[in-house]
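As provided, protein.txt (compact mmCIF, C-alpha atoms) reads as follows.
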# COMPACT_ATOMS: atom_id res chain seq x y z
CA MET A 851 0.00 0.00 0.00
CA ARG A 852 1.32 3.43 -0.96
CA GLU A 853 1.19 6.57 1.17
CA GLY A 854 -0.62 8.75 -1.32
CA SER A 855 -0.40 8.69 -5.09
CA LEU A 856 1.44 10.66 -7.74
CA ASP A 857 -0.65 9.21 -10.55
CA ALA A 858 -3.14 11.28 -12.54
CA PRO A 859 -6.66 11.03 -11.04
CA ILE A 860 -9.05 8.55 -12.62
CA ARG A 861 -12.77 8.94 -12.22
CA HIS A 862 -14.99 5.89 -12.38
CA PRO A 863 -18.45 5.98 -14.04
CA LEU A 864 -21.35 6.54 -11.67
CA ASP A 865 -23.10 3.21 -11.14
CA TRP A 866 -26.37 5.02 -10.52
CA GLN A 867 -28.63 2.43 -12.18
CA ASN A 868 -27.39 -0.36 -9.90
CA PRO A 869 -29.81 -0.98 -6.98
CA THR A 870 -26.79 -1.18 -4.64
CA PHE A 871 -26.15 2.50 -5.35
CA TYR A 872 -29.28 3.25 -3.29
CA ASP A 873 -28.61 0.73 -0.51
CA GLY A 874 -28.33 2.61 2.77
CA GLU A 875 -26.07 0.13 4.54
CA ASP A 876 -23.68 -0.06 1.60
CA LEU A 877 -23.54 3.74 1.42
CA ASP A 878 -22.88 4.03 5.15
CA LYS A 879 -20.01 1.56 4.86
CA GLU A 880 -18.47 3.53 2.00
CA MET A 881 -18.93 6.87 3.80
CA ARG A 882 -17.23 5.54 6.92
CA HIS A 883 -14.33 4.28 4.82
CA ALA A 884 -13.92 7.66 3.09
CA PHE A 885 -14.45 9.74 6.23
CA ASP A 886 -11.90 7.71 8.16
CA VAL A 887 -9.32 8.34 5.43
CA CYS A 888 -10.21 12.06 5.45
CA HIS A 889 -9.91 12.14 9.25
CA THR A 890 -6.40 10.70 9.24
CA CYS A 891 -5.27 13.01 6.41
CA ARG A 892 -7.07 16.37 6.82
CA ARG A 893 -5.42 18.03 3.81
CA CYS A 894 -8.83 19.43 2.78
CA PHE A 895 -9.46 21.35 6.01
CA ASN A 896 -9.45 24.71 4.21
CA LEU A 897 -11.76 23.86 1.30
CA CYS A 898 -15.56 23.84 1.67
CA ASP A 899 -17.42 23.60 4.98
CA SER A 900 -17.90 19.83 4.67
CA PHE A 901 -14.43 19.05 5.96
CA PRO A 902 -14.38 21.29 9.08
CA THR A 903 -17.85 19.92 9.87
CA LEU A 904 -16.62 16.33 9.56
CA PHE A 905 -13.51 16.95 11.62
CA ASP A 906 -15.49 18.73 14.35
CA LEU A 907 -17.93 15.81 14.54
CA ILE A 908 -15.02 13.43 15.06
CA ASP A 909 -13.03 15.63 17.47
CA GLU A 910 -16.09 16.29 19.62
CA SER A 911 -17.17 12.62 19.72
CA GLU A 912 -16.64 10.32 22.69
CA THR A 913 -13.61 8.47 21.30
CA MET A 914 -12.43 11.30 19.03
CA GLU A 915 -12.59 8.75 16.24
CA LEU A 916 -15.21 8.10 13.56
CA ASP A 917 -16.55 5.02 15.33
CA SER A 918 -18.39 7.15 17.90
CA VAL A 919 -20.02 9.49 15.34
CA ASP A 920 -23.67 8.65 14.61
CA SER A 921 -24.37 8.12 10.91
CA LEU A 922 -27.30 10.53 11.17
CA GLU A 923 -24.72 13.29 11.63
CA PHE A 924 -23.30 12.61 8.18
CA LYS A 925 -26.04 14.72 6.62
CA LYS A 926 -24.35 17.84 8.01
CA VAL A 927 -21.26 16.90 6.03
CA THR A 928 -23.11 16.27 2.78
CA ASP A 929 -25.11 19.49 3.11
CA GLY A 930 -21.86 21.47 3.17
CA CYS A 931 -20.62 20.02 -0.13
CA THR A 932 -21.14 22.16 -3.25
CA LEU A 933 -19.80 19.51 -5.67
CA CYS A 934 -16.95 21.84 -6.62
CA ASP A 935 -14.58 18.85 -7.18
CA MET A 936 -11.58 20.69 -5.73
CA CYS A 937 -10.88 18.03 -3.10
CA PHE A 938 -10.76 15.38 -5.84
CA MET A 939 -8.79 17.45 -8.35
CA THR A 940 -6.31 19.40 -6.21
CA LYS A 941 -5.98 18.02 -2.68
CA CYS A 942 -6.73 14.35 -2.12
CA PRO A 943 -3.77 11.95 -2.54
CA TYR A 944 -6.07 8.93 -2.26
CA VAL A 945 -8.24 9.32 -5.36
CA PRO A 946 -8.28 6.48 -7.91
CA PRO A 947 -6.06 4.75 -8.97
CA HIS A 948 -4.94 4.68 -5.31
CA GLU A 949 -6.36 1.62 -3.58
CA PHE A 950 -8.30 3.77 -1.09
CA ASN A 951 -10.44 4.85 -4.08
CA ILE A 952 -11.66 8.12 -2.55
CA ASP A 953 -14.07 10.25 -4.62
CA PHE A 954 -15.57 12.56 -2.01
CA PRO A 955 -17.81 14.65 -4.34
CA HIS A 956 -19.37 11.61 -5.98
CA LEU A 957 -19.89 10.05 -2.55
CA MET A 958 -21.81 13.16 -1.52
CA LEU A 959 -23.74 12.91 -4.78
CA ARG A 960 -24.63 9.30 -3.99
CA TYR A 961 -25.98 10.36 -0.59
CA ARG A 962 -28.15 13.02 -2.24
CA ALA A 963 -29.31 10.54 -4.87
CA GLN A 964 -30.53 8.27 -2.07
CA GLU A 965 -32.30 11.22 -0.46
CA TYR A 966 -33.91 12.12 -3.78
CA ALA A 967 -35.01 8.54 -4.44
CA ALA A 968 -36.54 8.39 -0.96
CA GLY A 969 -38.46 11.65 -1.51
CA GLN A 970 -36.35 13.49 1.08
CA ALA A 971 -34.91 16.21 -1.16
CA LYS A 972 -35.60 19.76 0.00
CA PHE A 973 -38.47 21.51 -1.77
CA VAL A 974 -37.10 25.03 -2.34
CA PRO A 975 -33.68 24.01 -3.76
CA GLY A 976 -35.56 21.60 -6.03
CA GLN A 977 -37.66 24.46 -7.35
CA LEU A 978 -34.59 26.65 -7.90
CA ALA A 979 -33.10 23.81 -9.95
CA LYS A 980 -35.91 24.19 -12.52
CA THR A 981 -33.97 26.91 -14.29
CA ASP A 982 -35.73 26.72 -17.65
CA ARG A 983 -39.16 26.94 -16.06
CA ASN A 984 -38.07 29.80 -13.81
CA GLY A 985 -36.51 31.73 -16.68
CA LYS A 986 -39.63 31.44 -18.80
CA LEU A 987 -41.85 32.34 -15.84
CA PHE A 988 -39.97 35.36 -14.50
CA GLY A 989 -38.46 36.74 -17.71
CA PRO A 990 -41.70 38.34 -18.91
CA ILE A 991 -42.12 40.01 -15.50
CA SER A 992 -38.41 40.65 -14.97
CA GLY A 993 -38.96 44.19 -13.72
CA LEU A 994 -41.20 43.03 -10.90
CA ALA A 995 -39.13 39.91 -10.17
CA ASN A 996 -35.86 41.84 -9.97
CA TRP A 997 -37.42 44.51 -7.76
CA ALA A 998 -38.67 41.85 -5.36
CA SER A 999 -35.37 39.96 -5.22
CA ARG A 1000 -33.09 42.97 -4.90
CA THR A 1001 -31.04 43.09 -1.70
CA GLY A 1002 -32.14 46.01 0.43
CA ASN A 1003 -35.82 45.58 -0.40
CA SER A 1004 -37.15 45.75 3.14
CA LEU A 1005 -40.61 44.66 2.04
CA THR A 1006 -39.92 41.49 0.08
CA ARG A 1007 -36.56 40.11 1.20
CA PRO A 1008 -37.50 39.46 4.85
CA LEU A 1009 -40.63 37.73 3.55
CA MET A 1010 -38.59 35.61 1.14
CA GLU A 1011 -36.22 34.71 3.95
CA TRP A 1012 -39.12 33.56 6.13
CA ILE A 1013 -40.94 31.61 3.41
CA ALA A 1014 -38.16 30.26 1.18
CA GLY A 1015 -35.10 30.50 3.40
CA PHE A 1016 -33.14 32.90 1.14
CA ASP A 1017 -30.85 35.03 3.28
CA ARG A 1018 -32.11 38.60 2.98
CA ASN A 1019 -28.56 39.84 2.35
CA ALA A 1020 -27.65 37.31 -0.34
CA TYR A 1021 -27.49 38.44 -3.95
CA LEU A 1022 -30.09 36.70 -6.12
CA PRO A 1023 -29.60 36.57 -9.91
CA GLU A 1024 -31.67 39.00 -11.93
CA PHE A 1025 -33.83 37.86 -14.83
CA THR A 1026 -33.80 39.43 -18.27
CA GLY A 1027 -36.87 40.37 -20.26
CA LYS A 1028 -35.04 39.53 -23.50
CA THR A 1029 -33.17 36.25 -23.48
CA PHE A 1030 -29.78 35.70 -25.06
CA MET A 1031 -31.41 33.45 -27.65
CA GLN A 1032 -33.66 36.35 -28.67
CA ARG A 1033 -30.75 38.80 -28.80
CA ALA A 1034 -28.51 36.37 -30.70
CA LYS A 1035 -30.76 36.55 -33.79
CA ASN A 1036 -29.30 39.99 -34.54
CA GLY A 1037 -25.71 39.02 -33.81
CA PRO A 1038 -22.71 40.46 -35.68
CA THR A 1039 -21.34 39.02 -38.91
CA ALA A 1040 -17.95 37.31 -38.84
CA ASP A 1041 -15.02 39.31 -40.23
CA THR A 1042 -13.80 37.11 -43.07
CA THR A 1043 -10.41 38.89 -43.09
CA ALA A 1044 -9.64 38.08 -39.46
CA PRO A 1045 -6.96 35.50 -38.52
CA ALA A 1046 -9.40 32.83 -37.33
CA ALA A 1047 -11.72 33.07 -40.35
CA GLY A 1048 -12.95 29.64 -41.29
CA ARG A 1049 -13.62 28.49 -37.74
CA LYS A 1050 -17.20 27.64 -36.88
CA VAL A 1051 -18.73 27.59 -33.39
CA VAL A 1052 -22.07 26.48 -32.07
CA LEU A 1053 -22.48 28.48 -28.88
CA TYR A 1054 -24.41 26.71 -26.12
CA ALA A 1055 -26.25 29.56 -24.44
CA THR A 1056 -26.58 27.92 -20.96
CA CYS A 1057 -29.57 28.62 -18.76
CA PHE A 1058 -27.76 31.32 -16.80
CA ALA A 1059 -26.59 33.34 -19.79
CA ASN A 1060 -29.91 32.87 -21.56
CA TYR A 1061 -32.24 33.94 -18.75
CA ASN A 1062 -30.03 35.94 -16.38
CA THR A 1063 -26.81 37.33 -17.91
CA PRO A 1064 -27.25 37.65 -21.70
CA ASN A 1065 -24.38 40.18 -21.84
CA ILE A 1066 -21.94 37.26 -21.49
CA GLY A 1067 -23.43 35.72 -24.61
CA THR A 1068 -23.48 38.89 -26.69
CA ALA A 1069 -19.89 39.62 -25.61
CA MET A 1070 -18.76 36.18 -26.77
CA GLN A 1071 -20.64 36.59 -30.04
CA GLY A 1072 -18.88 39.89 -30.63
CA ILE A 1073 -15.41 38.56 -29.83
CA LEU A 1074 -15.82 35.55 -32.10
CA ALA A 1075 -17.19 37.63 -34.97
CA ARG A 1076 -14.31 40.11 -34.61
CA ASN A 1077 -11.94 37.15 -34.94
CA GLY A 1078 -13.68 35.77 -38.02
CA VAL A 1079 -15.51 32.88 -36.39
CA GLU A 1080 -18.93 31.91 -37.78
CA VAL A 1081 -21.33 31.55 -34.84
CA GLU A 1082 -24.62 29.77 -34.34
CA VAL A 1083 -26.37 29.96 -30.96
CA VAL A 1084 -28.43 27.08 -29.58
CA TYR A 1085 -30.14 26.31 -26.32
CA PRO A 1086 -32.06 23.03 -26.26
CA GLN A 1087 -32.33 22.97 -22.45
CA CYS A 1088 -30.36 23.18 -19.21
CA CYS A 1089 -27.28 20.96 -18.83
CA GLY A 1090 -28.67 19.56 -15.58
CA MET A 1091 -26.03 20.76 -13.12
CA PRO A 1092 -28.75 22.13 -10.78
CA GLN A 1093 -30.47 18.72 -10.87
CA LEU A 1094 -27.16 16.98 -10.20
CA GLU A 1095 -26.75 19.04 -7.04
CA GLN A 1096 -30.14 17.74 -5.90
CA GLY A 1097 -29.26 14.11 -6.62
CA ASN A 1098 -31.70 13.80 -9.54
CA ILE A 1099 -29.30 11.82 -11.72
CA ALA A 1100 -32.00 10.35 -13.96
CA GLU A 1101 -33.04 13.82 -15.16
CA VAL A 1102 -29.40 14.72 -15.78
CA ALA A 1103 -29.04 11.59 -17.93
CA GLU A 1104 -32.18 12.52 -19.87
CA ASN A 1105 -30.86 16.05 -20.48
CA ALA A 1106 -27.50 14.66 -21.58
CA ARG A 1107 -29.01 12.37 -24.22
CA SER A 1108 -31.34 15.08 -25.51
CA VAL A 1109 -28.79 17.92 -25.74
CA ALA A 1110 -26.06 15.67 -27.17
CA ALA A 1111 -28.43 14.46 -29.89
CA GLU A 1112 -29.33 18.03 -30.84
CA LEU A 1113 -25.70 19.17 -30.99
CA LYS A 1114 -24.43 16.18 -32.96
CA PRO A 1115 -25.48 17.54 -36.41
CA TRP A 1116 -23.52 20.74 -35.71
CA ILE A 1117 -20.43 18.76 -34.75
CA ASP A 1118 -20.80 16.64 -37.88
CA LYS A 1119 -20.78 19.87 -39.94
CA GLY A 1120 -17.45 20.89 -38.44
CA TYR A 1121 -18.59 23.20 -35.65
CA ASP A 1122 -16.78 23.42 -32.31
CA VAL A 1123 -19.05 23.49 -29.27
CA VAL A 1124 -18.42 26.33 -26.81
CA ALA A 1125 -20.32 26.71 -23.54
CA LEU A 1126 -20.57 30.12 -21.87
CA VAL A 1127 -20.53 28.94 -18.23
CA SER A 1128 -17.84 26.63 -16.85
CA SER A 1129 -20.28 24.46 -14.90
CA CYS A 1130 -22.01 23.54 -18.15
CA THR A 1131 -18.71 22.84 -19.87
CA LEU A 1132 -17.76 20.54 -16.99
CA MET A 1133 -21.02 18.67 -17.41
CA PHE A 1134 -20.44 18.22 -21.16
CA LYS A 1135 -16.81 17.16 -20.84
CA PHE A 1136 -16.74 15.08 -17.68
CA GLU A 1137 -19.95 14.48 -15.74
CA TRP A 1138 -22.20 13.41 -18.61
CA PRO A 1139 -19.81 10.71 -19.89
CA LEU A 1140 -19.63 9.28 -16.35
CA ILE A 1141 -23.43 9.18 -16.07
CA VAL A 1142 -24.36 8.15 -19.63
CA THR A 1143 -21.71 5.64 -20.65
CA ASP A 1144 -23.53 4.03 -23.58
CA ASP A 1145 -24.39 7.00 -25.81
CA PRO A 1146 -21.87 7.83 -28.57
CA ASN A 1147 -23.42 11.30 -28.95
CA VAL A 1148 -22.47 12.12 -25.36
CA THR A 1149 -18.93 10.88 -25.95
CA LEU A 1150 -18.63 12.92 -29.16
CA LEU A 1151 -19.88 16.05 -27.43
CA ALA A 1152 -17.36 15.64 -24.62
CA GLN A 1153 -14.57 15.49 -27.19
CA SER A 1154 -15.84 18.53 -29.12
CA THR A 1155 -16.52 21.00 -26.29
CA PHE A 1156 -14.52 24.05 -25.21
CA ASP A 1157 -14.92 26.41 -22.30
CA ALA A 1158 -15.36 30.01 -23.45
CA SER A 1159 -11.97 31.29 -22.25
CA GLU A 1160 -10.31 28.08 -23.40
CA TYR A 1161 -11.54 28.70 -26.94
CA ILE A 1162 -10.26 32.28 -27.10
CA VAL A 1163 -6.84 31.11 -25.89
CA ASP A 1164 -6.90 28.38 -28.54
CA ILE A 1165 -7.47 31.01 -31.25
CA ALA A 1166 -4.66 33.15 -29.83
CA ARG A 1167 -2.23 30.26 -29.89
CA LYS A 1168 -3.07 28.89 -33.32
CA GLU A 1169 -4.10 31.86 -35.49
CA GLY A 1170 -3.52 34.91 -33.31
CA LEU A 1171 -6.18 37.33 -32.14
CA ALA A 1172 -7.63 40.07 -34.29
CA GLU A 1173 -6.22 43.54 -33.74
CA GLY A 1174 -8.12 46.17 -31.77
CA LEU A 1175 -7.58 45.22 -28.12
CA ALA A 1176 -7.07 48.27 -25.89
CA PRO A 1177 -5.80 48.49 -22.29
CA LEU A 1178 -8.35 48.47 -19.48
CA ASP A 1179 -8.15 51.18 -16.85
CA GLY A 1180 -7.01 49.35 -13.72
CA GLY A 1181 -6.02 45.90 -12.58
CA ILE A 1182 -8.08 42.72 -12.85
CA ALA A 1183 -8.60 40.11 -10.13
CA ILE A 1184 -9.73 36.93 -11.86
CA HIS A 1185 -11.22 34.21 -9.68
CA LEU A 1186 -10.52 30.82 -11.25
CA ALA A 1187 -13.86 29.11 -10.82
CA CYS A 1188 -13.80 25.62 -9.35
CA HIS A 1189 -15.70 24.10 -12.29
CA ALA A 1190 -13.16 25.62 -14.68
CA ARG A 1191 -10.25 24.24 -12.65
CA ALA A 1192 -11.95 20.84 -12.47
CA GLN A 1193 -11.72 20.62 -16.28
CA ASN A 1194 -7.95 20.13 -15.87
CA MET A 1195 -7.18 22.53 -18.73
CA GLY A 1196 -5.10 25.11 -16.86
CA PRO A 1197 -6.07 28.69 -15.89
CA LYS A 1198 -7.50 29.69 -19.26
CA ALA A 1199 -9.32 32.81 -18.04
CA LEU A 1200 -6.06 34.08 -16.56
CA GLU A 1201 -4.19 33.25 -19.78
CA MET A 1202 -6.85 35.00 -21.84
CA LEU A 1203 -6.86 38.21 -19.80
CA LYS A 1204 -3.06 38.37 -19.90
CA LEU A 1205 -3.43 38.78 -23.67
CA LEU A 1206 -4.88 42.27 -23.08
CA PRO A 1207 -2.43 45.15 -23.64
CA GLU A 1208 -0.65 46.34 -20.47
CA ALA A 1209 -2.58 43.72 -18.53
CA ASN A 1210 -2.27 43.74 -14.74
CA VAL A 1211 -4.02 40.49 -13.85
CA THR A 1212 -4.03 38.60 -10.56
CA GLY A 1213 -5.31 35.03 -10.43
CA ILE A 1214 -7.23 33.82 -7.38
CA GLU A 1215 -7.36 30.07 -6.77
CA ARG A 1216 -9.31 30.16 -3.50
CA CYS A 1217 -12.95 29.19 -3.08
CA SER A 1218 -15.47 32.01 -3.50
CA GLY A 1219 -17.69 30.39 -0.86
CA HIS A 1220 -20.79 30.13 -3.04
CA GLY A 1221 -21.50 27.00 -5.09
CA GLY A 1222 -24.75 26.78 -7.10
CA SER A 1223 -27.78 27.79 -5.07
CA TRP A 1224 -26.10 26.72 -1.81
CA GLY A 1225 -24.81 30.16 -0.85
CA VAL A 1226 -28.10 32.06 -1.08
CA PHE A 1227 -29.77 30.24 1.81
CA LYS A 1228 -29.84 31.65 5.33
CA ASP A 1229 -28.24 28.48 6.72
CA ASN A 1230 -25.24 28.91 4.41
CA PHE A 1231 -24.77 32.55 3.41
CA GLU A 1232 -22.59 33.68 6.33
CA THR A 1233 -20.60 30.44 6.15
CA GLY A 1234 -20.07 31.09 2.45
CA LEU A 1235 -18.75 34.59 3.14
CA LYS A 1236 -16.36 33.14 5.74
CA VAL A 1237 -15.10 30.48 3.33
CA GLY A 1238 -14.74 33.09 0.58
CA LYS A 1239 -12.96 35.69 2.74
CA PRO A 1240 -9.41 34.79 1.59
CA ALA A 1241 -10.52 35.12 -2.04
CA ALA A 1242 -12.23 38.44 -1.31
CA ARG A 1243 -9.07 39.73 0.40
CA ALA A 1244 -6.98 38.70 -2.60
CA ALA A 1245 -9.39 40.51 -4.92
CA MET A 1246 -8.93 43.74 -2.95
CA ALA A 1247 -5.27 44.04 -3.90
CA GLU A 1248 -4.11 47.59 -4.61
CA GLY A 1249 -5.03 48.79 -8.06
CA THR A 1250 -7.80 46.29 -8.70
CA SER A 1251 -10.64 47.87 -10.67
CA PHE A 1252 -12.30 44.71 -11.96
CA VAL A 1253 -13.35 41.54 -10.13
CA ALA A 1254 -14.23 38.70 -12.46
CA SER A 1255 -14.94 34.99 -12.39
CA GLU A 1256 -15.87 32.34 -14.94
CA CYS A 1257 -18.70 31.53 -12.52
CA PRO A 1258 -21.17 34.46 -12.56
CA LEU A 1259 -22.53 33.56 -9.12
CA ALA A 1260 -19.04 33.33 -7.63
CA SER A 1261 -18.12 36.81 -8.83
CA GLU A 1262 -21.26 38.31 -7.30
CA HIS A 1263 -20.53 36.53 -4.04
CA LEU A 1264 -16.95 37.85 -4.09
CA VAL A 1265 -18.20 41.39 -4.56
CA GLN A 1266 -20.46 40.93 -1.54
CA GLY A 1267 -17.48 39.68 0.44
CA ILE A 1268 -15.45 42.71 -0.65
CA GLU A 1269 -18.27 45.02 0.43
CA ARG A 1270 -18.10 43.47 3.91
CA LEU A 1271 -14.34 43.88 4.14
CA ALA A 1272 -14.18 47.37 2.60
CA ALA A 1273 -17.38 49.00 3.76
CA ASP A 1274 -15.80 52.46 3.80
CA ASP A 1275 -13.64 52.10 0.68
CA ALA A 1276 -15.31 54.00 -2.14
CA ASP A 1277 -12.74 52.70 -4.64
CA SER A 1278 -13.37 49.00 -4.06
CA PRO A 1279 -14.97 47.11 -7.00
CA LYS A 1280 -18.74 47.34 -6.96
CA ARG A 1281 -19.59 45.20 -9.97
CA ALA A 1282 -18.93 41.60 -10.90
CA TRP A 1283 -17.64 40.74 -14.39
CA HIS A 1284 -17.22 37.65 -16.51
CA PRO A 1285 -13.75 37.46 -18.15
CA ILE A 1286 -15.41 37.29 -21.57
CA GLU A 1287 -17.09 40.63 -20.84
CA LEU A 1288 -13.68 42.16 -20.06
CA MET A 1289 -12.22 40.83 -23.30
CA ALA A 1290 -15.17 42.37 -25.18
CA LYS A 1291 -14.69 45.65 -23.29
CA SER A 1292 -11.06 45.71 -24.39
CA TYR A 1293 -12.23 45.26 -27.98
CA GLY A 1294 -14.73 48.10 -27.52
CA ILE A 1295 -17.66 45.73 -28.03
CA GLU A 1296 -20.75 46.96 -26.24
CA GLY A 1297 -23.12 44.38 -24.70
Kindly return the structure encoded in the file as structure tokens.
Amino acid sequence: MREGSLDAPIRHPLDWQNPTFYDGEDLDKEMRHAFDVCHTCRRCFNLCDSFPTLFDLIDESETMELDSVDSLEFKKVTDGCTLCDMCFMTKCPYVPPHEFNIDFPHLMLRYRAQEYAAGQAKFVPGQLAKTDRNGKLFGPISGLANWASRTGNSLTRPLMEWIAGFDRNAYLPEFTGKTFMQRAKNGPTADTTAPAAGRKVVLYATCFANYNTPNIGTAMQGILARNGVEVEVVYPQCCGMPQLEQGNIAEVAENARSVAAELKPWIDKGYDVVALVSSCTLMFKFEWPLIVTDDPNVTLLAQSTFDASEYIVDIARKEGLAEGLAPLDGGIAIHLACHARAQNMGPKALEMLKLLPEANVTGIERCSGHGGSWGVFKDNFETGLKVGKPAARAAMAEGTSFVASECPLASEHLVQGIERLAADDADSPKRAWHPIELMAKSYGIEG
């Protein structure tokens, strides 16, 4: 037996259709195995709240070992996990192919899948996970919806906190009255004289860019057109990451088969697939192939997908970027989102922003403290700010004018953390950016 492993991590397919996957005793045995390894290692103490919670449960138990911790307490550990994958990708020396075979995020997912199968999933997070329904419902009344959800609304936010459990101080995403798909119909024409002319991209809009932050989509359209790339925009449905967080693996599998089938004809015609949000790219590249192992369309999509920043860097390396980039006024703090890092492609957003003239860019590899819908709830919001405090401090470095993240929710959460730390600093960043928006700004492309 080896003490740790230097081998590249291997992730096994999720055996979610096997009845044993939902066997409570088998799950408890596996959790105790993993938790005991985590207890004796503790390298992940400074990641998400799951690990401090686990270690406190053990240290405060009768024997100060896992054997005296009641299995019912394990739910506190799973509730703290945001499925960021950082323990698996960056910390744990006992992931496969090590014989301990530790995959902490997928173990937490298995626990939630059992909860979901038993009808024990929480109602409100389940409703938040219906992103397509919510976007179609609240988009037409975006003015009213955004007014009601705005922090500082003393009429509605306390009521929402009482009824739904949203912390009254937590930022909630705004809805747009005109989706990215609607805006994309009038997108710019590709410059056929640009260096990357001849490339073709099918841009997966993502639920978040489509219904909440269409400026990310229009910025990417503009950048690609400036660089000569022919662009088509599609949005069949959500990638299923919100459902994955709830343990609804069957719906994720259904989404995977459906979206992969719709994108296959584009791939067959020579189009690259680019997703606007890193969580969606991670689903396409890694999670879907581990959930749907028998669909060649899913495999093809995984091999044909790029993250947005990754694709711009690929153009820069192979053809060179089109001229016209101008310096931005002030430094940039770029938070490297966990679901971008989990793609094992390197810090592409950082690489991309360093292509800007006179770029002063600082990369932040610490957790933002958010994670899906987790950070908006009263039970988690303050914990999320505490976890994200080192990242917020790093983003406040002298000269920083822009705070950005490949995860739109993470950047908003970081800005809230900065506001807490720099309440009296009028010069601290007040707006969250996506790195693609900053690239477009440098090109002079208006959203």
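Across A:Val1084, A:Ala995, A:Ala1014, A:Leu1178, the tightest approach to Gly1294 (chain A) is made by A:Leu1178 when counting all atoms listed in the file.
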**Message:** Just to confirm, what's the straight-line distance from CA of Ser1223 (chain A) to CA of Asp929 (chain A) in Å (one decimal)?
**Reply:**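 Taking CA of Ser1223 (chain A) as the start and CA of Asp929 (chain A) as the end point, the length is 12.0 Å.
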**Message:** Under the rule that only C-alpha atoms are counted, which of A:Phe938, A:Phe901, A:Tyr1293, A:Phe1227 is the nearest residue to Ile1013 (chain A)?
**Reply:** A:Phe1227
**Complete:** Between CA of Asn951 (chain A) and CA of Asp857 (chain A) lies a distance of 12.5 Å
**Request:** Work out how far CA of Ala1190 (chain A) is from CA of Ile1295 (chain A), in Å to one decimal.
**Result:**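 If I compute the distance from CA of Ile1295 (chain A) to CA of Ala1190 (chain A), I get 24.6 Å.
The nearest approach to Gly969 (chain A) among the residues A:Asp886, A:Leu916, A:Thr1039, A:Gln1096, with all atoms listed in the file taken into account, belongs to A:Gln1096.
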**Residue among A:Glu1262, A:Glu1287, A:Asp878, A:Asp935 lying closest to Asn1194 (chain A), counting all atoms listed in the file** =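 Closest to Asn1194 (chain A) of all the choices is A:Asp935.
Checking A:Leu994, A:Ile1066, A:Ala1241, A:Leu1094 one by one against Leu959 (chain A), counting only C-alpha atoms, you find the shortest gap at A:Leu1094.
Proximity to Val1237 (chain A) was assessed for A:Pro863, A:Pro1092, A:Gly930, A:Gly1180 counting all atoms listed in the file; the smallest distance is recorded for A:Gly930.
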**Request:** Mind checking which residues fall within 10 Å of region 906-914 of chain A, counting only C-alpha atoms, ignoring those fewer than 2 positions away in the same chain, and posting them as a PyMOL selection string?
**Result:** chain A and resi 885-886+889+901-904+916-920+923-924+926-927
**Request:** Within 10 Å of Lys941 (chain A), counting all atoms listed in the file, which residues show up once you throw out same-chain ones fewer than 6 positions away? Write them as a list in words, please.
**Result:**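 Listing them by chain and then by number gives Arg892, Arg893, Cys894, Phe895, Leu897 and Asp935 of chain A.
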With 3 Å added on each side, what axis-aligned box encloses every listed atom of region 1194-1210 of chain A? Give the centre and edge lengths in Å to one decimal, as JSON.
{"center_x": -5.0, "center_y": 33.2, "center_z": -19.2, "size_x": 14.7, "size_y": 32.2, "size_z": 14.9}
Within 8 Å of Tyr1061 (chain A) using only C-alpha atoms, minus same-chain residues under 2 positions, as a short mmCIF file (atom, residue, chain, number, x, y, z; two decimals) with C-alpha atoms, in the coordinates of the input:
data_model
loop_
_atom_site.label_atom_id
_atom_site.label_comp_id
_atom_site.auth_asym_id
_atom_site.auth_seq_id
_atom_site.Cartn_x
_atom_site.Cartn_y
_atom_site.Cartn_z
CA GLY A 985 -36.51 31.73 -16.68
CA LYS A 986 -39.63 31.44 -18.80
CA GLY A 989 -38.46 36.74 -17.71
CA PHE A 1025 -33.83 37.86 -14.83
CA THR A 1026 -33.80 39.43 -18.27
CA LYS A 1028 -35.04 39.53 -23.50
CA THR A 1029 -33.17 36.25 -23.48
CA PHE A 1030 -29.78 35.70 -25.06
CA CYS A 1057 -29.57 28.62 -18.76
CA PHE A 1058 -27.76 31.32 -16.80
CA ALA A 1059 -26.59 33.34 -19.79
CA THR A 1063 -26.81 37.33 -17.91
CA PRO A 1064 -27.25 37.65 -21.70
#
Can we get region 1039-1051 of chain A of that structure written down with C-alpha atoms, as a PDB file, in the first residue's frame?
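Everything below was put into part17.pdb:
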ATOM      1  CA  THR A1039     -21.340  39.018 -38.905  1.00  0.00           C
ATOM      2  CA  ALA A1040     -17.953  37.314 -38.844  1.00  0.00           C
ATOM      3  CA  ASP A1041     -15.019  39.309 -40.231  1.00  0.00           C
ATOM      4  CA  THR A1042     -13.798  37.115 -43.069  1.00  0.00           C
ATOM      5  CA  THR A1043     -10.411  38.889 -43.094  1.00  0.00           C
ATOM      6  CA  ALA A1044      -9.638  38.077 -39.456  1.00  0.00           C
ATOM      7  CA  PRO A1045      -6.959  35.505 -38.525  1.00  0.00           C
ATOM      8  CA  ALA A1046      -9.400  32.828 -37.327  1.00  0.00           C
ATOM      9  CA  ALA A1047     -11.721  33.071 -40.347  1.00  0.00           C
ATOM     10  CA  GLY A1048     -12.954  29.643 -41.290  1.00  0.00           C
ATOM     11  CA  ARG A1049     -13.616  28.485 -37.742  1.00  0.00           C
ATOM     12  CA  LYS A1050     -17.197  27.636 -36.879  1.00  0.00           C
ATOM     13  CA  VAL A1051     -18.727  27.591 -33.390  1.00  0.00           C
TER      14      VAL A1051
END
